[in-house]
Structures are given as structure tokens and as C-alpha cells.
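Data file: query-v1.cif. Format and content: mmCIF, C-alpha atoms.
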data_model
loop_
_atom_site.group_PDB
_atom_site.id
_atom_site.type_symbol
_atom_site.label_atom_id
_atom_site.label_comp_id
_atom_site.auth_asym_id
_atom_site.auth_seq_id
_atom_site.Cartn_x
_atom_site.Cartn_y
_atom_site.Cartn_z
ATOM 1 C CA MET F 235 49.114 58.442 -61.410
ATOM 2 C CA SER F 236 52.291 59.683 -59.703
ATOM 3 C CA GLU F 237 54.196 56.411 -59.418
ATOM 4 C CA LYS F 238 57.284 56.053 -61.536
ATOM 5 C CA VAL F 239 57.880 52.723 -63.251
ATOM 6 C CA SER F 240 61.280 51.292 -64.105
ATOM 7 C CA PHE F 241 61.138 48.939 -67.087
ATOM 8 C CA ILE F 242 64.145 46.618 -66.930
ATOM 9 C CA LEU F 243 65.089 44.737 -70.096
ATOM 10 C CA PRO F 244 67.927 42.208 -70.075
ATOM 11 C CA SER F 245 68.920 41.628 -73.684
ATOM 12 C CA LEU F 246 71.217 39.172 -75.434
ATOM 13 C CA ASN F 247 71.491 39.148 -79.236
ATOM 14 C CA GLU F 248 67.908 40.335 -79.697
ATOM 15 C CA GLY F 249 68.432 42.001 -83.080
ATOM 16 C CA ASP F 250 65.737 44.563 -83.919
ATOM 17 C CA ASN F 251 63.318 43.005 -81.408
ATOM 18 C CA LEU F 252 64.892 45.139 -78.699
ATOM 19 C CA TYR F 253 64.073 48.388 -80.501
ATOM 20 C CA LYS F 254 60.526 47.188 -81.229
ATOM 21 C CA THR F 255 60.009 46.409 -77.541
ATOM 22 C CA ILE F 256 61.376 49.784 -76.416
ATOM 23 C CA LYS F 257 59.236 51.574 -79.002
ATOM 24 C CA SER F 258 56.147 49.668 -77.893
ATOM 25 C CA LEU F 259 56.795 50.574 -74.245
ATOM 26 C CA CYS F 260 57.120 54.225 -75.224
ATOM 27 C CA ASP F 261 53.969 54.229 -77.359
ATOM 28 C CA THR F 262 51.724 52.455 -74.855
ATOM 29 C CA SER F 263 52.863 53.486 -71.362
ATOM 30 C CA THR F 264 50.837 56.298 -69.813
ATOM 31 C CA CYS F 265 52.845 56.607 -66.589
ATOM 32 C CA ASP F 266 56.078 58.303 -65.617
ATOM 33 C CA TYR F 267 58.708 55.746 -66.541
ATOM 34 C CA GLU F 268 62.311 54.951 -67.314
ATOM 35 C CA ILE F 269 63.779 52.208 -69.490
ATOM 36 C CA ILE F 270 66.882 50.328 -68.380
ATOM 37 C CA VAL F 271 68.551 47.925 -70.813
ATOM 38 C CA ILE F 272 71.136 45.425 -69.632
ATOM 39 C CA ASP F 273 73.124 44.205 -72.635
ATOM 40 C CA ASN F 274 74.029 40.802 -71.264
ATOM 41 C CA GLY F 275 76.987 40.158 -73.578
ATOM 42 C CA SER F 276 75.455 40.690 -77.038
ATOM 43 C CA THR F 277 77.614 40.112 -80.097
ATOM 44 C CA ASP F 278 75.082 41.185 -82.754
ATOM 45 C CA GLY F 279 75.246 44.960 -82.272
ATOM 46 C CA SER F 280 71.620 45.023 -81.143
ATOM 47 C CA THR F 281 72.227 47.786 -78.589
ATOM 48 C CA ASP F 282 74.424 49.951 -80.819
ATOM 49 C CA PHE F 283 71.504 52.277 -81.569
ATOM 50 C CA ILE F 284 71.365 53.173 -77.867
ATOM 51 C CA GLU F 285 75.105 53.394 -77.333
ATOM 52 C CA ASN F 286 75.589 55.586 -80.412
ATOM 53 C CA GLY F 287 72.873 58.008 -79.362
ATOM 54 C CA ASN F 288 70.542 57.041 -82.211
ATOM 55 C CA CYS F 289 67.689 56.046 -79.919
ATOM 56 C CA ASP F 290 64.970 58.717 -79.805
ATOM 57 C CA ILE F 291 63.618 57.198 -76.591
ATOM 58 C CA PRO F 292 65.446 58.015 -73.341
ATOM 59 C CA THR F 293 67.056 54.707 -72.405
ATOM 60 C CA ARG F 294 69.801 53.835 -69.931
ATOM 61 C CA LEU F 295 72.167 51.168 -71.206
ATOM 62 C CA PHE F 296 74.477 48.971 -69.146
ATOM 63 C CA LYS F 297 76.782 46.661 -71.096
ATOM 64 C CA ILE F 298 77.999 43.466 -69.454
ATOM 65 C CA ALA F 299 81.045 41.843 -71.035
ATOM 66 C CA ASN F 300 80.397 38.396 -69.554
ATOM 67 C CA PRO F 301 76.737 37.290 -69.427
ATOM 68 C CA LEU F 302 75.316 37.327 -65.912
ATOM 69 C CA GLY F 303 72.443 34.965 -66.545
ATOM 70 C CA VAL F 304 68.804 36.027 -66.302
ATOM 71 C CA ALA F 305 68.455 36.322 -62.519
ATOM 72 C CA ARG F 306 71.623 38.333 -61.973
ATOM 73 C CA ALA F 307 71.000 40.569 -64.984
ATOM 74 C CA ARG F 308 67.555 41.474 -63.652
ATOM 75 C CA ASN F 309 68.963 42.175 -60.198
ATOM 76 C CA PHE F 310 71.725 44.264 -61.751
ATOM 77 C CA GLY F 311 69.186 46.438 -63.552
ATOM 78 C CA ALA F 312 67.017 46.769 -60.447
ATOM 79 C CA ALA F 313 69.987 48.134 -58.499
ATOM 80 C CA PHE F 314 69.895 51.218 -60.749
ATOM 81 C CA ALA F 315 66.104 51.577 -60.874
ATOM 82 C CA GLU F 316 64.668 54.897 -59.730
ATOM 83 C CA GLY F 317 61.010 53.916 -59.978
ATOM 84 C CA ASP F 318 58.529 53.024 -57.268
ATOM 85 C CA ILE F 319 57.638 49.946 -59.329
ATOM 86 C CA VAL F 320 60.005 47.707 -61.274
ATOM 87 C CA VAL F 321 58.778 45.699 -64.257
ATOM 88 C CA PHE F 322 61.061 43.064 -65.757
ATOM 89 C CA VAL F 323 60.371 42.702 -69.460
ATOM 90 C CA ASP F 324 61.729 40.354 -72.116
ATOM 91 C CA ALA F 325 63.250 42.180 -75.076
ATOM 92 C CA HIS F 326 60.753 40.714 -77.570
ATOM 93 C CA ILE F 327 57.299 41.894 -76.474
ATOM 94 C CA VAL F 328 54.655 44.316 -77.777
ATOM 95 C CA PHE F 329 52.064 45.922 -75.524
ATOM 96 C CA PRO F 330 48.513 47.308 -75.819
ATOM 97 C CA TYR F 331 47.832 50.967 -75.034
ATOM 98 C CA ASP F 332 47.702 51.892 -71.319
ATOM 99 C CA TRP F 333 48.432 48.310 -70.294
ATOM 100 C CA ILE F 334 50.476 49.411 -67.294
ATOM 101 C CA THR F 335 47.692 51.232 -65.387
ATOM 102 C CA PRO F 336 45.797 48.104 -64.207
ATOM 103 C CA ILE F 337 49.123 46.437 -63.392
ATOM 104 C CA ILE F 338 50.108 49.340 -61.132
ATOM 105 C CA GLU F 339 46.727 49.321 -59.403
ATOM 106 C CA VAL F 340 47.097 45.670 -58.382
ATOM 107 C CA VAL F 341 50.794 45.667 -57.505
ATOM 108 C CA GLN F 342 50.221 48.533 -55.053
ATOM 109 C CA ARG F 343 48.171 46.227 -52.839
ATOM 110 C CA GLU F 344 50.188 45.444 -49.732
ATOM 111 C CA ASP F 345 49.260 41.759 -49.793
ATOM 112 C CA VAL F 346 50.407 41.316 -53.407
ATOM 113 C CA GLY F 347 54.023 40.679 -54.346
ATOM 114 C CA ILE F 348 54.095 40.057 -58.103
ATOM 115 C CA VAL F 349 51.700 40.987 -60.914
ATOM 116 C CA ALA F 350 51.643 40.139 -64.614
ATOM 117 C CA PRO F 351 49.316 40.421 -67.625
ATOM 118 C CA ALA F 352 47.956 37.597 -69.761
ATOM 119 C CA VAL F 353 50.183 36.429 -72.614
ATOM 120 C CA SER F 354 49.605 35.755 -76.291
ATOM 121 C CA ALA F 355 52.000 34.785 -79.063
ATOM 122 C CA TRP F 356 53.388 37.703 -81.086
ATOM 123 C CA GLY F 357 51.278 38.000 -84.244
ATOM 124 C CA ALA F 358 48.608 35.529 -83.108
ATOM 125 C CA PRO F 359 45.260 36.674 -81.646
ATOM 126 C CA GLY F 360 43.933 35.354 -78.372
ATOM 127 C CA ALA F 361 45.634 34.931 -75.029
ATOM 128 C CA LEU F 362 47.819 31.872 -74.647
ATOM 129 C CA GLY F 363 47.952 31.760 -70.885
ATOM 130 C CA PHE F 364 46.849 33.296 -67.604
ATOM 131 C CA GLY F 365 49.635 32.262 -65.257
ATOM 132 C CA MET F 366 51.286 28.853 -64.924
ATOM 133 C CA HIS F 367 51.617 25.818 -62.684
ATOM 134 C CA TRP F 368 53.805 22.753 -62.317
ATOM 135 C CA THR F 369 52.184 19.634 -63.722
ATOM 136 C CA ASP F 370 54.313 16.920 -62.127
ATOM 137 C CA ALA F 371 57.538 16.084 -60.318
ATOM 138 C CA THR F 372 59.588 16.731 -63.464
ATOM 139 C CA LEU F 373 58.766 20.416 -62.854
ATOM 140 C CA ASN F 374 57.169 20.722 -66.267
ATOM 141 C CA VAL F 375 54.980 23.813 -66.517
ATOM 142 C CA GLU F 376 51.633 24.396 -68.166
ATOM 143 C CA TRP F 377 49.684 27.543 -68.998
ATOM 144 C CA LEU F 378 46.503 28.142 -67.028
ATOM 145 C CA GLY F 379 43.204 29.179 -68.562
ATOM 146 C CA LYS F 380 41.213 32.287 -67.732
ATOM 147 C CA GLN F 381 39.151 32.092 -64.538
ATOM 148 C CA CYS F 382 37.362 35.444 -64.488
ATOM 149 C CA GLU F 383 37.567 39.041 -65.690
ATOM 150 C CA ASP F 384 38.934 40.585 -62.498
ATOM 151 C CA PRO F 385 42.531 40.210 -61.248
ATOM 152 C CA TYR F 386 43.043 36.992 -59.290
ATOM 153 C CA ALA F 387 45.719 34.852 -57.666
ATOM 154 C CA VAL F 388 47.678 32.233 -59.627
ATOM 155 C CA PRO F 389 50.461 29.861 -58.550
ATOM 156 C CA MET F 390 53.168 31.294 -60.794
ATOM 157 C CA LEU F 391 53.835 33.784 -63.563
ATOM 158 C CA PRO F 392 56.271 33.555 -66.477
ATOM 159 C CA GLY F 393 59.267 35.855 -66.232
ATOM 160 C CA LEU F 394 58.606 37.549 -69.558
ATOM 161 C CA CYS F 395 56.767 40.397 -67.790
ATOM 162 C CA GLN F 396 56.664 40.585 -63.994
ATOM 163 C CA ALA F 397 55.905 43.706 -61.928
ATOM 164 C CA PHE F 398 57.008 44.347 -58.324
ATOM 165 C CA ARG F 399 56.933 47.231 -55.895
ATOM 166 C CA TRP F 400 60.540 48.387 -55.628
ATOM 167 C CA ASP F 401 60.559 48.075 -51.834
ATOM 168 C CA PHE F 402 59.066 44.562 -51.921
ATOM 169 C CA PHE F 403 61.542 43.377 -54.540
ATOM 170 C CA HIS F 404 64.453 44.497 -52.403
ATOM 171 C CA GLU F 405 62.834 43.204 -49.225
ATOM 172 C CA ILE F 406 62.911 39.664 -50.648
ATOM 173 C CA ASP F 407 66.424 40.164 -52.104
ATOM 174 C CA GLY F 408 65.258 40.005 -55.689
ATOM 175 C CA PHE F 409 65.840 36.995 -57.904
ATOM 176 C CA ASP F 410 67.992 34.200 -56.545
ATOM 177 C CA THR F 411 71.537 35.233 -57.460
ATOM 178 C CA GLY F 412 72.568 31.599 -57.224
ATOM 179 C CA MET F 413 70.567 30.830 -60.358
ATOM 180 C CA VAL F 414 72.745 30.519 -63.448
ATOM 181 C CA GLY F 415 72.008 30.969 -67.122
ATOM 182 C CA TYR F 416 68.324 30.649 -67.906
ATOM 183 C CA GLY F 417 65.417 28.735 -66.398
ATOM 184 C CA THR F 418 63.264 28.423 -63.236
ATOM 185 C CA GLU F 419 64.282 31.813 -61.795
ATOM 186 C CA ASP F 420 60.819 33.221 -62.590
ATOM 187 C CA LEU F 421 58.969 30.279 -61.013
ATOM 188 C CA GLU F 422 61.197 30.218 -57.946
ATOM 189 C CA ILE F 423 60.536 33.860 -57.101
ATOM 190 C CA CYS F 424 56.780 33.257 -57.404
ATOM 191 C CA LEU F 425 56.904 30.258 -55.083
ATOM 192 C CA ARG F 426 59.100 32.184 -52.635
ATOM 193 C CA THR F 427 56.661 35.104 -52.690
ATOM 194 C CA TRP F 428 53.756 32.825 -51.746
ATOM 195 C CA LEU F 429 55.726 31.145 -48.961
ATOM 196 C CA LEU F 430 56.689 34.549 -47.550
ATOM 197 C CA GLY F 431 52.993 35.357 -47.168
ATOM 198 C CA TYR F 432 52.359 37.470 -50.282
ATOM 199 C CA LYS F 433 50.197 36.823 -53.337
ATOM 200 C CA VAL F 434 50.956 36.428 -57.029
ATOM 201 C CA PHE F 435 48.314 37.970 -59.307
ATOM 202 C CA ILE F 436 47.311 37.902 -62.964
ATOM 203 C CA VAL F 437 45.491 40.844 -64.586
ATOM 204 C CA PRO F 438 43.427 39.029 -67.244
ATOM 205 C CA GLU F 439 42.080 42.140 -68.944
ATOM 206 C CA ILE F 440 45.588 43.014 -70.182
ATOM 207 C CA GLU F 441 47.143 40.881 -72.906
ATOM 208 C CA ILE F 442 50.705 41.364 -74.103
ATOM 209 C CA SER F 443 52.250 39.662 -77.137
ATOM 210 C CA HIS F 444 55.449 37.681 -76.655
ATOM 211 C CA LEU F 445 57.711 36.317 -79.376
ATOM 212 C CA PHE F 446 58.044 32.579 -78.782
ATOM 213 C CA ARG F 447 61.040 31.255 -80.706
ATOM 214 C CA ALA F 448 62.004 27.751 -81.759
ATOM 215 C CA ASN F 449 65.649 28.622 -81.143
ATOM 216 C CA ALA F 450 67.137 31.252 -78.839
ATOM 217 C CA PRO F 451 69.741 33.670 -80.282
ATOM 218 C CA TYR F 452 72.210 32.549 -77.631
ATOM 219 C CA ASP F 453 73.513 29.286 -76.205
ATOM 220 C CA LEU F 454 71.389 27.409 -73.671
ATOM 221 C CA HIS F 455 73.096 24.886 -71.441
ATOM 222 C CA TRP F 456 71.379 21.831 -69.969
ATOM 223 C CA THR F 457 73.644 21.916 -66.940
ATOM 224 C CA ASP F 458 72.355 25.397 -66.052
ATOM 225 C CA THR F 459 68.740 24.365 -66.618
ATOM 226 C CA VAL F 460 68.972 21.297 -64.390
ATOM 227 C CA TYR F 461 71.030 23.146 -61.787
ATOM 228 C CA ASN F 462 68.336 25.813 -61.431
ATOM 229 C CA MET F 463 65.635 23.159 -61.071
ATOM 230 C CA LEU F 464 67.643 21.506 -58.314
ATOM 231 C CA ARG F 465 68.251 24.853 -56.632
ATOM 232 C CA ALA F 466 64.530 25.649 -56.448
ATOM 233 C CA THR F 467 63.812 22.112 -55.259
ATOM 234 C CA TYR F 468 66.297 22.116 -52.401
ATOM 235 C CA ALA F 469 65.497 25.700 -51.395
ATOM 236 C CA HIS F 470 61.768 25.143 -50.900
ATOM 237 C CA PHE F 471 60.582 21.527 -50.983
ATOM 238 C CA ASN F 472 60.378 19.138 -48.045
ATOM 239 C CA SER F 473 62.586 16.060 -48.216
ATOM 240 C CA GLN F 474 59.876 13.724 -49.507
ATOM 241 C CA ARG F 475 58.872 16.055 -52.346
ATOM 242 C CA ALA F 476 62.513 16.772 -53.174
ATOM 243 C CA ASP F 477 63.192 13.041 -53.404
ATOM 244 C CA ARG F 478 60.299 12.638 -55.837
ATOM 245 C CA VAL F 479 61.654 15.429 -58.025
ATOM 246 C CA ILE F 480 65.146 13.947 -58.012
ATOM 247 C CA ALA F 481 63.790 10.516 -58.946
ATOM 248 C CA GLU F 482 62.006 12.029 -61.956
ATOM 249 C CA ILE F 483 64.721 14.317 -63.311
ATOM 250 C CA LYS F 484 67.834 12.233 -62.679
ATOM 251 C CA SER F 485 67.644 10.880 -66.234
ATOM 252 C CA LEU F 486 67.903 14.372 -67.738
ATOM 253 C CA PRO F 487 71.090 15.229 -69.642
ATOM 254 C CA TYR F 488 73.874 16.566 -67.406
ATOM 255 C CA PHE F 489 71.972 15.734 -64.215
ATOM 256 C CA ARG F 490 75.056 14.348 -62.476
ATOM 257 C CA GLU F 491 77.117 17.419 -63.350
ATOM 258 C CA ALA F 492 74.379 19.757 -62.094
ATOM 259 C CA TYR F 493 73.879 17.664 -58.952
ATOM 260 C CA ASN F 494 77.566 17.870 -58.080
ATOM 261 C CA LEU F 495 77.467 21.642 -58.526
ATOM 262 C CA ILE F 496 74.378 22.106 -56.342
ATOM 263 C CA ARG F 497 75.831 19.871 -53.647
ATOM 264 C CA ASP F 498 78.864 22.163 -53.361
ATOM 265 C CA SER F 499 76.871 25.415 -53.574
ATOM 266 C CA ASP F 500 75.386 27.706 -50.915
ATOM 267 C CA ILE F 501 71.951 26.085 -51.251
ATOM 268 C CA TRP F 502 71.893 24.645 -47.739
ATOM 269 C CA SER F 503 72.564 27.977 -46.025
ATOM 270 C CA ARG F 504 70.033 29.596 -48.356
ATOM 271 C CA ARG F 505 67.433 26.989 -47.409
ATOM 272 C CA ARG F 506 67.967 27.673 -43.708
ATOM 273 C CA SER F 507 67.643 31.431 -44.158
ATOM 274 C CA LEU F 508 64.411 31.038 -46.154
ATOM 275 C CA GLU F 509 62.891 28.663 -43.578
ATOM 276 C CA VAL F 510 63.268 31.345 -40.919
ATOM 277 C CA LYS F 511 61.458 33.948 -43.023
ATOM 278 C CA ARG F 512 58.618 32.037 -44.598
ATOM 279 C CA ILE F 513 55.033 32.014 -43.359
ATOM 280 C CA PHE F 514 53.896 28.887 -45.216
ATOM 281 C CA ASP F 515 55.556 25.681 -46.377
ATOM 282 C CA ASP F 516 55.474 23.873 -49.707
ATOM 283 C CA ASN F 517 52.634 21.563 -48.606
ATOM 284 C CA TRP F 518 50.448 24.623 -48.048
ATOM 285 C CA PHE F 519 51.301 25.932 -51.520
ATOM 286 C CA PHE F 520 50.571 22.657 -53.307
ATOM 287 C CA ASP F 521 47.319 22.166 -51.377
ATOM 288 C CA LYS F 522 46.188 25.701 -52.135
ATOM 289 C CA PHE F 523 46.472 25.235 -55.879
ATOM 290 C CA GLY F 524 45.473 21.593 -56.110
ATOM 291 C CA MET F 525 48.877 20.378 -57.234
ATOM 292 C CA ASP F 526 50.298 17.148 -55.877
ATOM 293 C CA PHE F 527 53.676 15.527 -56.365
#
Please, can you express the file's structure as C-alpha cells?
Amino acid sequence: MSEKVSFILPSLNEGDNLYKTIKSLCDTSTCDYEIIVIDNGSTDGSTDFIENGNCDIPTRLFKIANPLGVARARNFGAAFAEGDIVVFVDAHIVFPYDWITPIIEVVQREDVGIVAPAVSAWGAPGALGFGMHWTDATLNVEWLGKQCEDPYAVPMLPGLCQAFRWDFFHEIDGFDTGMVGYGTEDLEICLRTWLLGYKVFIVPEIEISHLFRANAPYDLHWTDTVYNMLRATYAHFNSQRADRVIAEIKSLPYFREAYNLIRDSDIWSRRRSLEVKRIFDDNWFFDKFGMDF
């Protein structure tokens, strides 16, 4: 396998989880690869072992003084990637041996845009989910069950481990740089990929273990969360579906603040540019996967 893979890990106050993730990548990856870490404003010294030269695994570190948010941090790392394939990885994951080979095989298909493995909880046996979907107009998400043994299409994939061909990722301009903080950026890029005429695939035979935490080691802001939901809504949904979403989420904390921010953003020009490029509309997407709101 001649393809080079760039593993891109945004990290913010991850403690020793970052080293464990890097070590797991090194121990299990059978391809030519590089590891790029974006320290997104950590204050816990979690990347000191790389900066001080104490990391025995070749790793490129970029330190960001002011956090970029998830979408921009991933795009920042991708700008320095030298691989044919880029894989965005959370900094708290462990992997099974040779997990990357089936991922590469699927992501090389020209009709496929994004690929991911199944997910289990760190330390708990058995896969938790095989892709995701929206359950209702509040944009709540739910894990999907396993459909078959072979790779297959799913509506969306969680951002904890997503693989792209480098050229495809740059063709679609990466993650939406208008997204702020954390939330929805992973679902938006999946929806956008489908609407642009490409597929989103799960590889069910591969199961990675993700650390699900009750509390994040950094501040999460409701305004950012709601803003990103609104941004995905206005970028891709028709007016009737957007109205239904707004009616459902307007009671969320900080909705008015987020709504004022989205109203004054670039979302309307972004919507127009996406409408020109897309092959399908949101009705097609919801019909395809049996979702309705």
C-alpha cells in the first residue's frame, strides 16, 4: 500500500490521552503515515512531551495561542498534510491493529467522500454505533445499528474519526470555517458531501474505542453550539424545513444571541455558493434515509 496517510489530531487539554492516542496510532497503523497535532490553546502542558523532544514517535506539532474551534483547527492541520489521505482523529482514541487498511480501500473509491469505522466506548466491549442520523427537528442525533458486514452508506458519521482523500477534502473546501467552537461541524460536512453527489461510508468490520466523557476538559459555550446548528440549517435546508428547526430550537439557551450572530454572518452568500454546486437537495437526502422533519 503506497498511499501516505496524514493523521490530524486537534487537541485541547487532553492530558495523557494525547500520548496514548499517538502511541496507539503508531502501534496499529501499517501504512506510510505522518502525525500532525494542533495544540488548540492547551493550558495543561499536554503537548510538552512533543515540544521538548521527548516523543519517540515522529510528530509535527503546531501550537495555537487562541483556540480556533474544531472546524478551523482541522482545516489548519490539513493545510500542512503531506498525505494522499487525511484522517481527522480525536485525541482520546485507541485503535485495533491494521485498522487503517480497510478504511483506505473504501475512501479511494471515486464515488465516496468520507469514511469512518464503527465506534465503541473506551474500555467497554462491543460497538456503540455504526454512523448517525438526525432524529427530529431539534437536530438531536442517534447512533445507528449495524446493517451488514461489508462497508455501506450511512447518513452521517461522528467527527471523532473521519477519513478523506486529500484532493476531495480540498475540493469541497474542508470543514465550514464559519463554524465556531464545537458542534455540528462533523454532521454538516457529511450532509454537504451527500448533496454534492458523493457518499458517506461506514466500515463495520473496524471498531475503534473512543473516550466518552461526562465533562470536557475545556469550556463549551451554548451560543457556539446553537450558532453551528443554525449555520447548518440555513446552509442546506429549504425554507419549510428550516422554519421547523427554528420553531423547535428557539427555546434553547442563548438562541437569540446565536440567531443575531447568524443573521449578520456570511451564511447567505455561503448558501448561494453551495446551491450552485450541489447535485441533490435536502429533500432527496431526507427521503433517501427515511428521515422526515
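Of the residues listed (F:Lys254, F:Lys297, F:Lys511, F:Arg497), F:Lys511 shows the shortest atom-to-atom separation from F:Thr427; distances use all atoms listed in the file.
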Length of the atom CA of F:Pro389 to atom CA of F:Tyr493 vector [Å]: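 Atom CA of F:Tyr493 lies at a distance of 26.4 Å from atom CA of F:Pro389.
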Identify, on the basis of all atoms listed in the file, every residue whose closest approach to stretch 441-451 of chain F does not exceed 9 Å; exclude the query and any residue fewer than 3 positions from it along the same chain; express the result as a list of chain:residue names. F:Leu246, F:Asn247, F:Glu248, F:Gly249, F:Asn251, F:Asp324, F:His326, F:Ile327, F:Val328, F:Phe329, F:Pro330, F:Trp333, F:Pro351, F:Ala352, F:Val353, F:Ser354, F:Ala355, F:Trp356, F:Gly357, F:Ala358, F:Pro359, F:Gly360, F:Ala361, F:Leu394, F:Cys395, F:Val437, F:Pro438, F:Leu454
Residues returned when the PyMOL selection byres ((chain F and resi 337) around 9) runs on this file, as an MDAnalysis selection string: chainID F and resid 333:336 338:342 349:351 397 436:437 440
Selection above as a file: C-alpha atoms, as a tab-separated table (two decimals), in the frame of the given file:
chain	number	residue	atom	x	y	z
F	333	TRP	CA	48.43	48.31	-70.29
F	334	ILE	CA	50.48	49.41	-67.29
F	335	THR	CA	47.69	51.23	-65.39
F	336	PRO	CA	45.80	48.10	-64.21
F	338	ILE	CA	50.11	49.34	-61.13
F	339	GLU	CA	46.73	49.32	-59.40
F	340	VAL	CA	47.10	45.67	-58.38
F	341	VAL	CA	50.79	45.67	-57.50
F	342	GLN	CA	50.22	48.53	-55.05
F	349	VAL	CA	51.70	40.99	-60.91
F	350	ALA	CA	51.64	40.14	-64.61
F	351	PRO	CA	49.32	40.42	-67.62
F	397	ALA	CA	55.90	43.71	-61.93
F	436	ILE	CA	47.31	37.90	-62.96
F	437	VAL	CA	45.49	40.84	-64.59
F	440	ILE	CA	45.59	43.01	-70.18
Report as number ranges by chain all protein, DNA and RNA residues lying within 9 Å of F:Leu295, evaluated on all atoms listed in the file, omitting residues in the same chain fewer than 4 positions from it. F: 269-273, 281, 284-285
Can you sort out stretch 255-278 of chain F so it carries N, CA and C atoms, written as a compact mmCIF listing (two decimals), keeping the file's coordinate frame?
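As written to disk, part.txt reads:
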# COMPACT_ATOMS: atom_id res chain seq x y z
N THR F 255 60.53 46.47 -78.90
CA THR F 255 60.01 46.41 -77.54
C THR F 255 60.08 47.76 -76.87
N ILE F 256 61.22 48.44 -76.99
CA ILE F 256 61.38 49.78 -76.42
C ILE F 256 60.36 50.75 -77.01
N LYS F 257 60.20 50.69 -78.33
CA LYS F 257 59.24 51.57 -79.00
C LYS F 257 57.81 51.28 -78.53
N SER F 258 57.48 50.02 -78.36
CA SER F 258 56.15 49.67 -77.89
C SER F 258 55.91 50.17 -76.47
N LEU F 259 56.92 50.03 -75.60
CA LEU F 259 56.80 50.57 -74.24
C LEU F 259 56.53 52.07 -74.27
N CYS F 260 57.27 52.76 -75.12
CA CYS F 260 57.12 54.22 -75.22
C CYS F 260 55.74 54.61 -75.74
N ASP F 261 55.24 53.89 -76.72
CA ASP F 261 53.97 54.23 -77.36
C ASP F 261 52.75 53.88 -76.51
N THR F 262 52.90 52.96 -75.56
CA THR F 262 51.72 52.46 -74.86
C THR F 262 51.68 52.80 -73.37
N SER F 263 52.81 53.24 -72.81
CA SER F 263 52.86 53.49 -71.36
C SER F 263 52.41 54.90 -71.05
N THR F 264 51.44 55.01 -70.14
CA THR F 264 50.84 56.30 -69.81
C THR F 264 51.32 56.83 -68.47
N CYS F 265 52.34 56.20 -67.89
CA CYS F 265 52.84 56.61 -66.59
C CYS F 265 54.20 57.31 -66.76
N ASP F 266 54.69 57.83 -65.66
CA ASP F 266 56.08 58.30 -65.62
C ASP F 266 56.96 57.06 -65.58
N TYR F 267 57.93 56.98 -66.47
CA TYR F 267 58.71 55.75 -66.54
C TYR F 267 60.14 56.00 -66.99
N GLU F 268 60.96 55.00 -66.77
CA GLU F 268 62.31 54.95 -67.31
C GLU F 268 62.53 53.57 -67.91
N ILE F 269 63.45 53.48 -68.86
CA ILE F 269 63.78 52.21 -69.49
C ILE F 269 65.25 51.92 -69.25
N ILE F 270 65.52 50.76 -68.66
CA ILE F 270 66.88 50.33 -68.38
C ILE F 270 67.15 49.06 -69.17
N VAL F 271 68.17 49.09 -70.02
CA VAL F 271 68.55 47.92 -70.81
C VAL F 271 69.87 47.38 -70.29
N ILE F 272 69.90 46.09 -70.02
CA ILE F 272 71.14 45.42 -69.63
C ILE F 272 71.56 44.55 -70.80
N ASP F 273 72.59 45.00 -71.53
CA ASP F 273 73.12 44.20 -72.64
C ASP F 273 73.99 43.11 -72.01
N ASN F 274 73.45 41.91 -72.02
CA ASN F 274 74.03 40.80 -71.26
C ASN F 274 75.05 40.03 -72.10
N GLY F 275 75.93 40.79 -72.79
CA GLY F 275 76.99 40.16 -73.58
C GLY F 275 76.66 39.97 -75.04
N SER F 276 75.84 40.84 -75.63
CA SER F 276 75.46 40.69 -77.04
C SER F 276 76.66 40.80 -77.97
N THR F 277 76.58 40.05 -79.06
CA THR F 277 77.61 40.11 -80.10
C THR F 277 77.03 40.52 -81.45
N ASP F 278 75.74 40.88 -81.48
CA ASP F 278 75.08 41.18 -82.75
C ASP F 278 74.87 42.67 -82.99
